>>> print(open('query_0.txt').read())   # compact mmCIF, C-alpha atoms
# COMPACT_ATOMS: atom_id res chain seq x y z
CA MET A 1 37.26 88.39 -101.99
CA LYS A 2 40.84 87.16 -101.84
CA SER A 3 42.21 88.23 -105.21
CA PRO A 4 41.23 91.76 -106.18
CA LEU A 5 42.33 92.75 -109.65
CA PHE A 6 45.69 91.11 -110.30
CA GLY A 7 47.08 89.98 -106.99
CA SER A 8 46.47 88.74 -103.49
CA PHE A 9 45.95 91.24 -100.69
CA SER A 10 48.82 90.73 -98.38
CA LYS A 11 51.94 88.63 -98.23
CA PRO A 12 53.95 88.39 -95.03
CA ASP A 13 57.17 88.96 -96.93
CA THR A 14 59.49 91.28 -95.03
CA ASP A 15 61.45 92.25 -98.10
CA GLU A 16 58.66 93.63 -100.20
CA LYS A 17 56.51 96.69 -99.82
CA ILE A 18 53.17 96.26 -101.51
CA LEU A 19 52.06 99.41 -103.27
CA GLY A 20 48.64 98.18 -104.26
CA PRO A 21 47.53 95.00 -106.01
CA MET A 22 49.56 95.70 -109.11
CA GLN A 23 52.81 97.09 -107.77
CA ARG A 24 55.40 96.11 -105.25
CA ILE A 25 58.86 97.33 -104.37
CA SER A 26 61.72 95.11 -103.26
CA LEU A 27 63.95 96.82 -100.75
CA LYS A 28 66.77 94.38 -101.58
CA LYS A 29 67.26 95.92 -104.99
CA MET A 30 67.79 99.34 -103.48
CA ARG A 31 71.46 100.23 -103.22
CA ARG A 32 72.69 101.15 -99.78
CA PHE A 33 75.77 103.08 -98.78
CA PRO A 34 77.73 102.89 -95.52
CA GLU A 35 77.76 106.15 -93.59
CA SER A 36 81.46 106.68 -94.31
CA GLU A 37 81.13 106.40 -98.07
CA PRO A 38 81.06 109.62 -100.11
CA VAL A 39 78.11 109.90 -102.51
CA ASP A 40 77.42 112.27 -105.38
CA TYR A 41 74.04 113.53 -104.25
CA VAL A 42 71.83 113.60 -101.16
CA VAL A 43 68.21 114.53 -101.83
CA VAL A 44 66.22 115.67 -98.81
CA GLY A 45 62.56 114.79 -99.22
CA ILE A 46 61.51 112.12 -101.71
CA GLY A 47 58.17 113.53 -102.78
CA SER A 48 56.94 114.33 -106.26
CA ALA A 49 60.04 116.40 -107.04
CA GLY A 50 62.78 114.77 -104.95
CA GLY A 51 61.70 111.24 -105.85
CA VAL A 52 61.91 111.91 -109.57
CA LEU A 53 65.22 113.71 -109.12
CA CYS A 54 66.67 110.68 -107.27
CA GLN A 55 65.54 108.35 -110.01
CA ARG A 56 66.96 110.53 -112.79
CA LEU A 57 70.32 110.99 -111.07
CA ALA A 58 70.63 107.27 -110.29
CA LYS A 59 69.69 106.42 -113.86
CA ALA A 60 72.45 108.73 -115.08
CA GLY A 61 74.96 106.73 -113.04
CA PHE A 62 75.39 108.91 -109.96
CA SER A 63 75.36 107.55 -106.43
CA VAL A 64 72.34 109.06 -104.70
CA ILE A 65 70.88 108.96 -101.22
CA GLY A 66 67.34 110.05 -100.49
CA LEU A 67 66.41 111.19 -96.99
CA GLU A 68 62.79 110.87 -95.95
CA ALA A 69 60.74 111.39 -92.79
CA GLY A 70 58.17 108.94 -91.55
CA PRO A 71 57.33 105.36 -92.42
CA PHE A 72 57.67 103.39 -95.64
CA TRP A 73 53.98 102.66 -96.09
CA ASP A 74 52.77 99.29 -97.20
CA THR A 75 49.55 100.32 -98.83
CA GLU A 76 47.80 96.99 -98.51
CA ARG A 77 48.48 96.61 -94.82
CA ASP A 78 48.69 100.20 -93.58
CA TRP A 79 46.15 102.13 -95.57
CA VAL A 80 42.42 102.44 -95.12
CA SER A 81 39.70 103.42 -97.53
CA ASP A 82 38.51 106.11 -95.15
CA GLU A 83 39.06 109.84 -94.89
CA LYS A 84 39.62 110.14 -91.16
CA GLY A 85 41.75 107.00 -91.10
CA SER A 86 44.01 108.55 -93.73
CA ARG A 87 45.09 111.49 -91.56
CA LYS A 88 48.27 109.64 -90.63
CA LEU A 89 49.50 110.16 -94.19
CA TYR A 90 49.65 113.93 -93.80
CA TRP A 91 52.42 116.06 -92.36
CA ASN A 92 50.95 116.67 -88.92
CA ASP A 93 53.97 118.11 -87.11
CA LEU A 94 53.27 121.52 -85.67
CA ARG A 95 53.81 124.55 -87.91
CA ILE A 96 52.69 128.07 -87.06
CA THR A 97 50.69 130.05 -89.58
CA GLY A 98 50.59 133.82 -89.09
CA GLY A 99 50.64 137.20 -90.78
CA GLU A 100 47.80 139.55 -91.63
CA ASP A 101 45.60 136.94 -93.27
CA PRO A 102 46.88 133.58 -92.04
CA LEU A 103 46.06 130.56 -94.18
CA ALA A 104 44.77 127.32 -92.75
CA PHE A 105 47.20 124.71 -94.04
CA GLY A 106 45.57 122.07 -96.21
CA GLU A 107 46.09 118.68 -94.64
CA ASN A 108 45.74 116.65 -97.82
CA ASN A 109 48.42 118.46 -99.78
CA SER A 110 51.28 117.36 -97.58
CA GLY A 111 52.61 113.97 -96.60
CA LYS A 112 54.91 112.34 -94.07
CA GLY A 113 56.42 109.07 -95.17
CA VAL A 114 58.47 107.74 -98.05
CA GLY A 115 57.03 109.50 -101.07
CA GLY A 116 55.87 112.62 -99.22
CA GLY A 117 52.63 114.06 -100.50
CA SER A 118 52.80 111.87 -103.59
CA VAL A 119 51.64 108.86 -101.56
CA HIS A 120 48.11 110.25 -101.53
CA TRP A 121 48.23 112.28 -104.72
CA ALA A 122 44.97 112.02 -106.65
CA ALA A 123 46.72 111.81 -110.04
CA PHE A 124 45.58 115.21 -111.27
CA ALA A 125 48.30 116.73 -113.49
CA PRO A 126 47.33 120.00 -115.17
CA ARG A 127 49.97 122.24 -116.73
CA PHE A 128 50.41 125.80 -115.54
CA HIS A 129 49.16 128.44 -117.94
CA PRO A 130 51.84 130.70 -119.49
CA SER A 131 50.33 133.64 -117.57
CA ASP A 132 50.84 131.80 -114.24
CA PHE A 133 54.55 132.52 -114.55
CA ARG A 134 53.93 136.29 -114.75
CA VAL A 135 51.32 136.90 -112.07
CA TYR A 136 53.13 139.94 -110.67
CA SER A 137 53.62 141.63 -114.07
CA GLU A 138 50.11 140.83 -115.24
CA ASP A 139 47.98 140.88 -112.08
CA GLY A 140 50.13 142.68 -109.51
CA VAL A 141 49.99 139.78 -107.03
CA GLY A 142 52.58 137.33 -105.76
CA CYS A 143 55.74 137.34 -107.81
CA ASP A 144 56.88 136.28 -111.26
CA TRP A 145 58.71 133.02 -111.80
CA PRO A 146 62.36 133.28 -112.84
CA ILE A 147 61.58 130.93 -115.74
CA SER A 148 58.85 130.94 -118.34
CA TYR A 149 56.28 128.43 -119.50
CA GLU A 150 58.36 127.84 -122.62
CA ASP A 151 61.27 126.71 -120.45
CA LEU A 152 59.10 124.05 -118.82
CA LYS A 153 57.07 123.01 -121.83
CA PRO A 154 59.43 120.25 -123.08
CA TYR A 155 59.37 118.68 -119.59
CA TYR A 156 55.59 118.82 -119.41
CA GLU A 157 55.50 116.97 -122.72
CA LEU A 158 58.05 114.42 -121.58
CA LEU A 159 56.29 113.66 -118.28
CA GLU A 160 52.83 113.56 -119.82
CA ARG A 161 54.08 110.74 -122.04
CA GLU A 162 56.02 108.99 -119.29
CA MET A 163 53.42 109.01 -116.49
CA PRO A 164 51.26 109.00 -118.70
CA VAL A 165 48.59 111.70 -118.46
CA SER A 166 45.28 111.26 -120.22
CA GLY A 167 43.10 114.08 -121.46
CA PRO A 168 41.39 115.51 -124.52
CA ALA A 169 43.19 115.57 -127.89
CA HIS A 170 42.71 119.32 -127.88
CA PHE A 171 42.88 121.11 -124.53
CA PRO A 172 42.07 124.73 -125.35
CA TRP A 173 43.08 126.59 -122.17
CA GLY A 174 46.43 128.21 -121.45
CA ASP A 175 48.85 126.98 -124.07
CA PRO A 176 46.55 124.78 -126.20
CA HIS A 177 47.88 121.23 -126.29
CA GLY A 178 46.77 117.63 -126.61
CA TYR A 179 47.30 114.59 -124.44
CA PRO A 180 48.85 111.34 -125.60
CA TYR A 181 46.15 109.18 -124.02
CA GLY A 182 42.39 109.57 -124.37
CA PRO A 183 40.36 111.07 -121.52
CA HIS A 184 38.64 108.91 -118.92
CA PRO A 185 34.87 109.06 -118.89
CA VAL A 186 33.55 112.05 -116.97
CA GLY A 187 31.87 111.17 -113.68
CA GLY A 188 28.70 112.79 -112.37
CA TRP A 189 30.69 115.36 -110.40
CA GLY A 190 32.39 116.59 -113.56
CA THR A 191 29.10 117.35 -115.28
CA HIS A 192 27.73 119.81 -112.71
CA MET B 1 35.39 105.94 -67.95
CA ILE B 2 33.10 108.59 -66.52
CA GLU B 3 29.35 108.16 -66.94
CA ILE B 4 27.25 111.27 -67.24
CA GLU B 5 23.59 112.06 -67.62
CA LEU B 6 22.46 114.63 -70.11
CA GLY B 7 20.22 117.52 -69.09
CA ALA B 8 16.77 118.26 -70.48
CA GLU B 9 15.72 116.05 -73.37
CA LEU B 10 13.96 117.66 -76.28
CA VAL B 11 10.71 116.11 -77.41
CA LEU B 12 10.17 115.70 -81.12
CA ARG B 13 6.60 115.97 -82.33
CA ASP B 14 4.84 114.91 -85.47
CA PRO B 15 4.32 118.13 -87.47
CA GLU B 16 0.66 117.25 -88.24
CA THR B 17 -0.66 115.48 -85.17
CA GLN B 18 1.70 117.10 -82.66
CA GLN B 19 2.03 113.70 -81.02
CA PRO B 20 5.43 113.04 -79.45
CA LEU B 21 7.61 110.90 -81.69
CA ALA B 22 9.42 107.90 -80.30
CA PRO B 23 13.21 108.14 -80.49
CA LYS B 24 14.45 106.66 -83.72
CA GLN B 25 16.67 103.67 -84.17
CA GLN B 26 18.10 105.34 -87.25
CA PRO B 27 17.62 108.97 -88.30
CA GLY B 28 17.76 110.14 -91.89
CA TYR B 29 16.10 109.31 -95.17
CA TYR B 30 17.51 105.82 -95.72
CA PRO B 31 15.58 103.56 -93.32
CA GLY B 32 17.14 100.14 -92.88
CA TYR B 33 20.30 101.01 -94.78
CA SER B 34 23.47 99.83 -93.07
CA THR B 35 26.92 100.78 -94.30
CA LEU B 36 28.42 98.28 -91.87
CA GLY B 37 26.39 95.61 -93.64
CA GLN B 38 28.83 96.05 -96.52
CA LYS B 39 31.93 95.41 -94.41
CA GLY B 40 32.59 92.05 -96.04
CA TYR B 41 33.59 93.97 -99.15
CA TRP B 42 36.20 96.11 -97.38
CA ASP B 43 39.84 95.26 -96.79
CA ALA B 44 40.71 94.07 -93.28
CA THR B 45 42.54 97.25 -92.23
CA THR B 46 39.65 99.49 -93.23
CA ARG B 47 37.13 97.17 -91.58
CA ARG B 48 39.05 97.31 -88.30
CA ALA B 49 39.28 101.13 -88.39
CA VAL B 50 35.55 101.57 -89.00
CA GLU B 51 34.41 98.90 -86.54
CA ASP B 52 36.59 100.45 -83.83
CA ARG B 53 34.48 103.61 -84.04
CA VAL B 54 31.43 101.58 -83.08
CA TYR B 55 32.71 98.85 -80.81
CA ASN B 56 35.86 100.35 -79.27
CA VAL B 57 34.89 103.82 -78.16
CA PRO B 58 37.96 105.28 -76.46
CA PRO B 59 37.77 106.01 -72.70
CA ILE B 60 37.91 109.57 -71.39
CA ARG B 61 41.51 110.37 -70.51
CA PHE B 62 42.00 114.08 -71.20
CA PHE B 63 39.01 115.99 -69.84
CA THR B 64 38.39 116.33 -66.11
CA GLU B 65 34.97 115.28 -64.80
CA ASP B 66 33.76 118.89 -64.73
CA GLU B 67 35.10 119.64 -68.19
CA LEU B 68 33.53 116.47 -69.50
CA LEU B 69 30.08 117.56 -68.33
CA THR B 70 30.34 120.96 -70.00
CA ILE B 71 31.82 119.76 -73.28
CA THR B 72 29.36 116.86 -73.54
CA VAL B 73 26.37 119.14 -73.20
CA ALA B 74 27.90 121.74 -75.55
CA CYS B 75 28.50 119.09 -78.20
CA GLU B 76 24.95 117.81 -77.74
CA ARG B 77 23.73 121.33 -78.58
CA ILE B 78 26.09 121.63 -81.57
CA LEU B 79 25.05 118.25 -82.96
CA PRO B 80 21.81 117.30 -81.17
CA GLN B 81 21.06 113.60 -81.09
CA SER B 82 18.04 113.59 -78.80
CA ASP B 83 15.86 112.33 -81.65
CA ARG B 84 17.32 108.84 -81.43
CA LEU B 85 17.71 106.03 -78.96
CA PRO B 86 20.52 106.65 -76.46
CA ALA B 87 22.19 103.43 -77.58
CA ARG B 88 22.27 104.73 -81.16
CA ARG B 89 23.86 108.11 -80.41
CA ILE B 90 27.20 108.66 -82.06
CA PRO B 91 29.99 109.28 -79.53
CA ILE B 92 31.45 112.74 -80.13
CA VAL B 93 33.32 113.72 -76.99
CA PRO B 94 35.31 110.45 -76.65
CA HIS B 95 36.87 111.18 -80.05
CA ILE B 96 37.72 114.77 -79.14
CA ASP B 97 39.12 113.52 -75.84
CA GLU B 98 41.24 110.91 -77.62
CA ARG B 99 42.57 113.45 -80.10
CA LEU B 100 43.62 115.75 -77.28
CA TYR B 101 44.95 112.92 -75.12
CA LYS B 102 47.14 111.74 -78.00
CA ASN B 103 47.85 115.35 -79.01
CA GLU B 104 46.84 114.70 -82.62
CA ILE B 105 46.86 118.03 -84.40
CA ASP B 106 46.21 119.18 -87.95
CA GLY B 107 49.85 119.99 -88.62
CA TYR B 108 49.55 123.70 -87.90
CA ARG B 109 48.30 126.28 -85.47
CA PHE B 110 47.36 129.90 -85.97
CA ALA B 111 49.86 132.31 -84.44
CA GLY B 112 48.39 133.62 -81.20
CA MET B 113 46.31 130.52 -80.52
CA PRO B 114 47.19 128.29 -77.59
CA SER B 115 47.72 124.57 -78.20
CA ASP B 116 44.54 122.64 -78.99
CA ARG B 117 44.66 121.10 -75.52
CA ASP B 118 44.89 124.47 -73.78
CA ALA B 119 42.31 125.97 -76.13
CA TYR B 120 39.73 123.37 -75.07
CA ARG B 121 40.42 123.79 -71.36
CA LEU B 122 40.26 127.60 -71.66
CA GLY B 123 37.18 127.58 -73.88
CA ILE B 124 35.29 125.24 -71.58
CA ARG B 125 36.17 127.41 -68.59
CA ALA B 126 34.92 130.51 -70.41
CA ILE B 127 31.63 128.81 -71.38
CA GLU B 128 31.12 127.69 -67.80
CA ASP B 129 31.94 131.15 -66.40
CA MET B 130 29.54 132.74 -68.90
CA ALA B 131 26.69 130.51 -67.73
CA ARG B 132 27.37 131.21 -64.07
CA SER B 133 27.76 134.95 -64.52
CA ILE B 134 24.53 135.35 -66.55
CA HIS B 135 22.29 132.68 -65.04
CA LYS B 136 24.02 131.85 -61.72
CA GLN B 137 23.87 128.21 -62.74
CA PRO B 138 26.26 125.67 -64.23
CA PHE B 139 26.06 125.46 -68.03
CA VAL B 140 24.82 121.86 -67.90
CA ASP B 141 21.81 122.81 -65.77
CA LEU B 142 20.55 125.52 -68.12
CA GLU B 143 17.61 125.02 -70.44
CA PRO B 144 18.76 124.08 -73.93
CA LEU B 145 17.72 127.46 -75.35
CA LYS B 146 19.90 129.32 -72.86
CA GLN B 147 22.78 127.01 -73.70
CA ASP B 148 22.16 127.75 -77.36
CA PHE B 149 22.35 131.52 -76.83
CA ILE B 150 25.68 131.16 -75.08
CA LEU B 151 27.05 128.97 -77.85
CA LYS B 152 25.56 131.18 -80.55
CA SER B 153 27.45 134.14 -79.12
CA LEU B 154 30.67 132.17 -79.63
CA HIS B 155 29.58 131.30 -83.14
CA ASP B 156 29.01 134.99 -83.80
CA GLY B 157 32.40 135.87 -82.33
CA LYS B 158 30.72 138.06 -79.72
CA PRO B 159 30.71 136.36 -76.30
CA LEU B 160 27.81 137.56 -74.13
CA VAL B 161 30.20 138.28 -71.29
CA PRO B 162 33.80 139.50 -71.62
CA HIS B 163 36.32 136.98 -70.33
CA LYS B 164 40.06 137.14 -70.10
CA VAL B 165 40.21 133.86 -72.04
CA TRP B 166 38.93 135.64 -75.14
CA GLU B 167 41.58 138.32 -74.82
CA ALA B 168 44.19 135.63 -75.26
CA MET B 169 42.38 133.36 -77.73
CA SER B 170 40.32 134.04 -80.84
CA VAL B 171 36.66 133.15 -80.19
CA SER B 172 36.08 132.31 -83.85
CA ARG B 173 39.06 130.03 -84.13
CA PHE B 174 38.04 128.20 -80.97
CA TRP B 175 34.47 127.83 -82.23
CA HIS B 176 35.68 126.65 -85.61
CA MET B 177 37.82 123.99 -83.96
CA ILE B 178 35.08 122.59 -81.73
CA VAL B 179 32.54 122.48 -84.58
CA GLN B 180 35.08 120.85 -86.87
CA ASP B 181 35.88 118.24 -84.23
CA CYS B 182 32.17 117.50 -83.72
CA VAL B 183 31.52 117.15 -87.44
CA SER B 184 34.60 115.00 -87.92
CA ALA B 185 33.64 112.62 -85.09
CA TYR B 186 30.04 112.42 -86.24
CA TYR B 187 30.56 111.88 -89.95
CA SER B 188 33.40 109.40 -89.55
CA HIS B 189 30.94 107.07 -87.80
CA PRO B 190 29.15 104.47 -89.93
CA TRP B 191 25.77 105.30 -88.34
CA ALA B 192 26.08 108.81 -89.76
CA TRP B 193 26.79 107.21 -93.15
CA ASP B 194 23.55 105.22 -92.78
CA GLU B 195 21.75 108.47 -92.05
CA ILE B 196 22.96 110.19 -95.23
CA GLY B 197 22.99 107.09 -97.43
CA TYR B 198 26.75 107.16 -97.95
CA GLY B 199 28.10 104.03 -99.61
CA GLY B 200 31.08 103.66 -97.28
CA PRO B 201 34.63 102.60 -98.02
CA ALA B 202 35.23 101.88 -101.69
CA TYR B 203 38.33 99.69 -101.57
CA PRO B 204 38.80 97.16 -103.02
CA ARG B 205 35.34 96.85 -104.53
CA ALA B 206 35.52 100.32 -106.16
CA TYR B 207 32.63 102.33 -107.56
CA THR B 208 30.66 101.07 -110.52
CA ARG B 209 28.36 104.01 -111.28
CA LEU B 210 29.97 107.07 -112.80
CA GLU B 211 26.78 108.80 -113.84
CA ASN B 212 25.31 111.59 -111.80
CA GLY B 213 22.48 110.52 -109.50
CA LEU B 214 22.77 106.79 -110.08
CA PRO B 215 23.17 104.86 -106.84
CA GLU B 216 25.63 102.02 -106.53
CA PRO B 217 23.92 98.62 -106.51
CA TRP B 218 24.38 98.34 -102.74
CA GLU B 219 22.95 101.78 -102.00
CA VAL B 220 19.24 102.41 -101.42
CA ASP B 221 16.83 105.10 -102.57
CA GLU B 222 16.15 108.14 -100.47
CA GLN B 223 12.80 108.16 -98.66
CA ARG B 224 11.97 111.72 -97.61
CA TYR B 225 9.52 112.52 -94.85
CA GLU B 226 8.43 115.66 -93.01
CA TRP B 227 9.94 116.38 -89.67
CA ALA B 228 9.89 119.15 -87.13
CA ALA B 229 13.03 120.71 -85.69
CA PRO B 230 13.20 120.48 -81.90
CA ALA B 231 10.96 123.19 -80.47
CA GLU B 232 13.58 124.51 -78.09
CA SER B 233 16.20 125.21 -80.70
CA LEU B 234 17.65 128.25 -82.39
CA SER B 235 17.86 126.30 -85.64
CA ASP B 236 14.62 127.72 -87.03
CA THR B 237 15.04 131.29 -85.81
CA TYR B 238 18.68 131.86 -86.54
CA GLU B 239 19.47 133.96 -89.57
CA PRO B 240 23.00 133.42 -90.74
CA GLY B 241 24.99 136.62 -91.17
CA ASP B 242 28.71 136.99 -91.63
CA ASP B 243 30.42 133.75 -90.86
CA PRO B 244 33.26 134.57 -88.52
CA GLY B 245 34.11 130.91 -88.15
CA SER B 246 35.22 130.37 -91.71
CA VAL B 247 38.87 129.95 -92.45
CA SER B 248 40.47 130.50 -95.79
CA GLY B 249 42.90 127.76 -96.53
CA GLN B 250 44.62 125.43 -98.89
CA GLY B 251 42.41 122.38 -98.48
CA GLY B 252 41.21 120.63 -101.56
CA THR B 253 41.70 117.76 -103.89
CA HIS B 254 44.80 117.58 -105.93
>>> encode(input="query_0.txt", output="structure tokens")
Amino acid sequence: MKSPLFGSFSKPDTDEKILGPMQRISLKKMRRFPESEPVDYVVVGIGSAGGVLCQRLAKAGFSVIGLEAGPFWDTERDWVSDEKGSRKLYWNDLRITGGEDPLAFGENNSGKGVGGGSVHWAAFAPRFHPSDFRVYSEDGVGCDWPISYEDLKPYYELLEREMPVSGPAHFPWGDPHGYPYGPHPVGGWGTH
Amino acid sequence: MIEIELGAELVLRDPETQQPLAPKQQPGYYPGYSTLGQKGYWDATTRRAVEDRVYNVPPIRFFTEDELLTITVACERILPQSDRLPARRIPIVPHIDERLYKNEIDGYRFAGMPSDRDAYRLGIRAIEDMARSIHKQPFVDLEPLKQDFILKSLHDGKPLVPHKVWEAMSVSRFWHMIVQDCVSAYYSHPWAWDEIGYGGPAYPRAYTRLENGLPEPWEVDEQRYEWAAPAESLSDTYEPGDDPGSVSGQGGTH
């Protein structure tokens, strides 16, 4: 099987990073700045939040540098279709968890490499419920957010169209809303 | 690499005839199924990673000879493999040893716990001391049932004999780590996938059956049969109570 989907598996081209059969990134197109040059913004951590922020700032005409830890993965050459073999994608540097009821850190919700945790994100994008922003007032746990669901709602709508997110035309939980793209078929696990 | 011989072997018997059963080439309910037989459909990087687990078992570089004996027998009691041919037993300890040798950690440690490396050395010493103080014998020379009672006391968070190691290190967290390492080594091996009928790596072929209960075309139907748990085992007598080894955490799919 030499040509899965739309492209060949692997090209020994030093300039390009292959992000799967359908996507590749050319490092040549990325602007670089000498260390002495002042820039408008430096974003530390180019994960789901920092990566989008970099793109938006650059698009608006600012000069932006993104700092990232770990390798720039080439998914075709570096990744395996295997759970244990994927451990290298996680943030495995030592952190100490303590307190009265210490949490075990989840390994698969962190990432070390360009893209942070987004490199192994499973493309699950639910909105918060309006009540999630007021958990202290309503449930007496954690703390309230300084912003409300209504503040975020326009951005949810924007990103759901841009990514895009698929789902039912009427999603009844939280703030009822629809999705711009139809839902994928439900697999066996979703019917339990 | 250090070669060791395991202690007493358990004999499996046919539940009806009570005749001893020959060690199996392949345990589980999917006779003849081979995940590795599908390797031509995997990408080269994945194929290399999986084949390495079978054909390139890492040498022992972390554990001392004495530690290796104790941990090997303990892991054999945690995940017994005496029902199958020695050549078809999944290597557990070499993977734990490699993890510790390379100091591969999960990205965190509970406050108050020593490093994973120290935790293993301390835990092994405490297991060994427990065996010698109760039975005046090394752990590896005990009958499997006596080994089980020692290990069960760690599982329960109540070591049979106090030891200064357990004043400095949580028994439950140590037990959780060793069980997790055993399970991880075992179920990352393609022979374990054959045993449970797991389809193996999905890239780039992908899955074709979304519906619940429908096997992929390359999977095979389950063929159940009766079997008897090893006679000298706590598996049938043990009644699970509170699980002190569980850890609340953030793991999950997102």
>>> closest_residue(input="query_0.txt", among="A:Lys153, A:Arg161, A:Arg77, A:His170", to="chain B", atoms="all atoms listed in the file")
A:Arg77
>>> atom_distance(input="query_0.txt", atom1="CA of Tyr186 in chain B", atom2="CA of Pro144 in chain B")
20.4 Å
>>> closest_atom_pairs(input="query_0.txt", of="chain B", to="chain A", cutoff="9 Å", atoms="all atoms listed in the file", output="JSON lines")
{"residue": "B:Gly40", "atom": "CA", "partner": "A:Met1", "partner_atom": "CA", "distance": 8.4}
{"residue": "B:Tyr41", "atom": "CA", "partner": "A:Met1", "partner_atom": "CA", "distance": 7.3}
{"residue": "B:Trp42", "atom": "CA", "partner": "A:Ser81", "partner_atom": "CA", "distance": 8.1}
{"residue": "B:Asp43", "atom": "CA", "partner": "A:Val80", "partner_atom": "CA", "distance": 7.8}
{"residue": "B:Ala44", "atom": "CA", "partner": "A:Arg77", "partner_atom": "CA", "distance": 8.3}
{"residue": "B:Thr45", "atom": "CA", "partner": "A:Val80", "partner_atom": "CA", "distance": 5.9}
{"residue": "B:Thr46", "atom": "CA", "partner": "A:Val80", "partner_atom": "CA", "distance": 4.5}
{"residue": "B:Arg47", "atom": "CA", "partner": "A:Val80", "partner_atom": "CA", "distance": 8.3}
{"residue": "B:Ala49", "atom": "CA", "partner": "A:Gly85", "partner_atom": "CA", "distance": 6.9}
{"residue": "B:Val50", "atom": "CA", "partner": "A:Asp82", "partner_atom": "CA", "distance": 8.2}
{"residue": "B:Glu104", "atom": "CA", "partner": "A:Asn92", "partner_atom": "CA", "distance": 7.8}
{"residue": "B:Ile105", "atom": "CA", "partner": "A:Asn92", "partner_atom": "CA", "distance": 6.2}
{"residue": "B:Asp106", "atom": "CA", "partner": "A:Asn92", "partner_atom": "CA", "distance": 5.5}
{"residue": "B:Gly107", "atom": "CA", "partner": "A:Asn92", "partner_atom": "CA", "distance": 3.5}
{"residue": "B:Tyr108", "atom": "CA", "partner": "A:Arg95", "partner_atom": "CA", "distance": 4.3}
{"residue": "B:Arg109", "atom": "CA", "partner": "A:Ile96", "partner_atom": "CA", "distance": 5.0}
{"residue": "B:Phe110", "atom": "CA", "partner": "A:Thr97", "partner_atom": "CA", "distance": 4.9}
{"residue": "B:Ala111", "atom": "CA", "partner": "A:Gly98", "partner_atom": "CA", "distance": 4.9}
{"residue": "B:Gly112", "atom": "CA", "partner": "A:Gly98", "partner_atom": "CA", "distance": 8.2}
{"residue": "B:Ser184", "atom": "CA", "partner": "A:Lys84", "partner_atom": "CA", "distance": 7.7}
{"residue": "B:Ala185", "atom": "CA", "partner": "A:Lys84", "partner_atom": "CA", "distance": 8.9}
{"residue": "B:Ser188", "atom": "CA", "partner": "A:Lys84", "partner_atom": "CA", "distance": 6.5}
{"residue": "B:Gly200", "atom": "CA", "partner": "A:Asp82", "partner_atom": "CA", "distance": 8.1}
{"residue": "B:Pro201", "atom": "CA", "partner": "A:Ser81", "partner_atom": "CA", "distance": 5.2}
{"residue": "B:Ala202", "atom": "CA", "partner": "A:Ser81", "partner_atom": "CA", "distance": 6.3}
{"residue": "B:Tyr203", "atom": "CA", "partner": "A:Ser81", "partner_atom": "CA", "distance": 5.7}
{"residue": "B:Pro204", "atom": "CA", "partner": "A:Pro4", "partner_atom": "CA", "distance": 6.7}
{"residue": "B:Arg205", "atom": "CA", "partner": "A:Pro4", "partner_atom": "CA", "distance": 8.0}
{"residue": "B:Arg209", "atom": "CA", "partner": "A:Gly187", "partner_atom": "CA", "distance": 8.3}
{"residue": "B:Leu210", "atom": "CA", "partner": "A:Gly187", "partner_atom": "CA", "distance": 4.6}
{"residue": "B:Glu211", "atom": "CA", "partner": "A:Gly188", "partner_atom": "CA", "distance": 4.7}
{"residue": "B:Asn212", "atom": "CA", "partner": "A:Gly188", "partner_atom": "CA", "distance": 3.6}
{"residue": "B:Gly213", "atom": "CA", "partner": "A:Gly188", "partner_atom": "CA", "distance": 7.2}
{"residue": "B:Leu214", "atom": "CA", "partner": "A:Gly188", "partner_atom": "CA", "distance": 8.7}
{"residue": "B:Val247", "atom": "CA", "partner": "A:Ala104", "partner_atom": "CA", "distance": 6.5}
{"residue": "B:Ser248", "atom": "CA", "partner": "A:Leu103", "partner_atom": "CA", "distance": 5.8}
{"residue": "B:Gly249", "atom": "CA", "partner": "A:Ala104", "partner_atom": "CA", "distance": 4.2}
{"residue": "B:Gln250", "atom": "CA", "partner": "A:Gly106", "partner_atom": "CA", "distance": 4.4}
{"residue": "B:Gly251", "atom": "CA", "partner": "A:Gly106", "partner_atom": "CA", "distance": 3.9}
{"residue": "B:Gly252", "atom": "CA", "partner": "A:Gly106", "partner_atom": "CA", "distance": 7.1}
{"residue": "B:Thr253", "atom": "CA", "partner": "A:Ala122", "partner_atom": "CA", "distance": 7.2}
{"residue": "B:His254", "atom": "CA", "partner": "A:Ala122", "partner_atom": "CA", "distance": 5.6}
>>> residues_around(input="query_0.txt", residues="range 22-27 of chain B", least_positions_apart="6", cutoff="9 Å", atoms="all atoms listed in the file", output="PyMOL selection string")
chain B and resi 11-13+33+82-88+191-192+194-196
>>> residues_near_point(input="query_0.txt", point="(11.9, 114.8, -93.9)", cutoff="8 Å", atoms="all atoms listed in the file", output="count of residues only")
6
>>> residues_near_point(input="query_0.txt", point="(49.7, 118.6, -124.1)", cutoff="12 Å", atoms="all atoms listed in the file", output="MDAnalysis selection string")
chainID A and resid 125:129 153:161 164:182
>>> atom_distance(input="query_0.txt", atom1="CA of Lys39 in chain B", atom2="CA of Glu51 in chain B")
9.0 Å
>>> atom_distance(input="query_0.txt", atom1="CA of Asp66 in chain B", atom2="CA of Arg53 in chain B")
24.6 Å
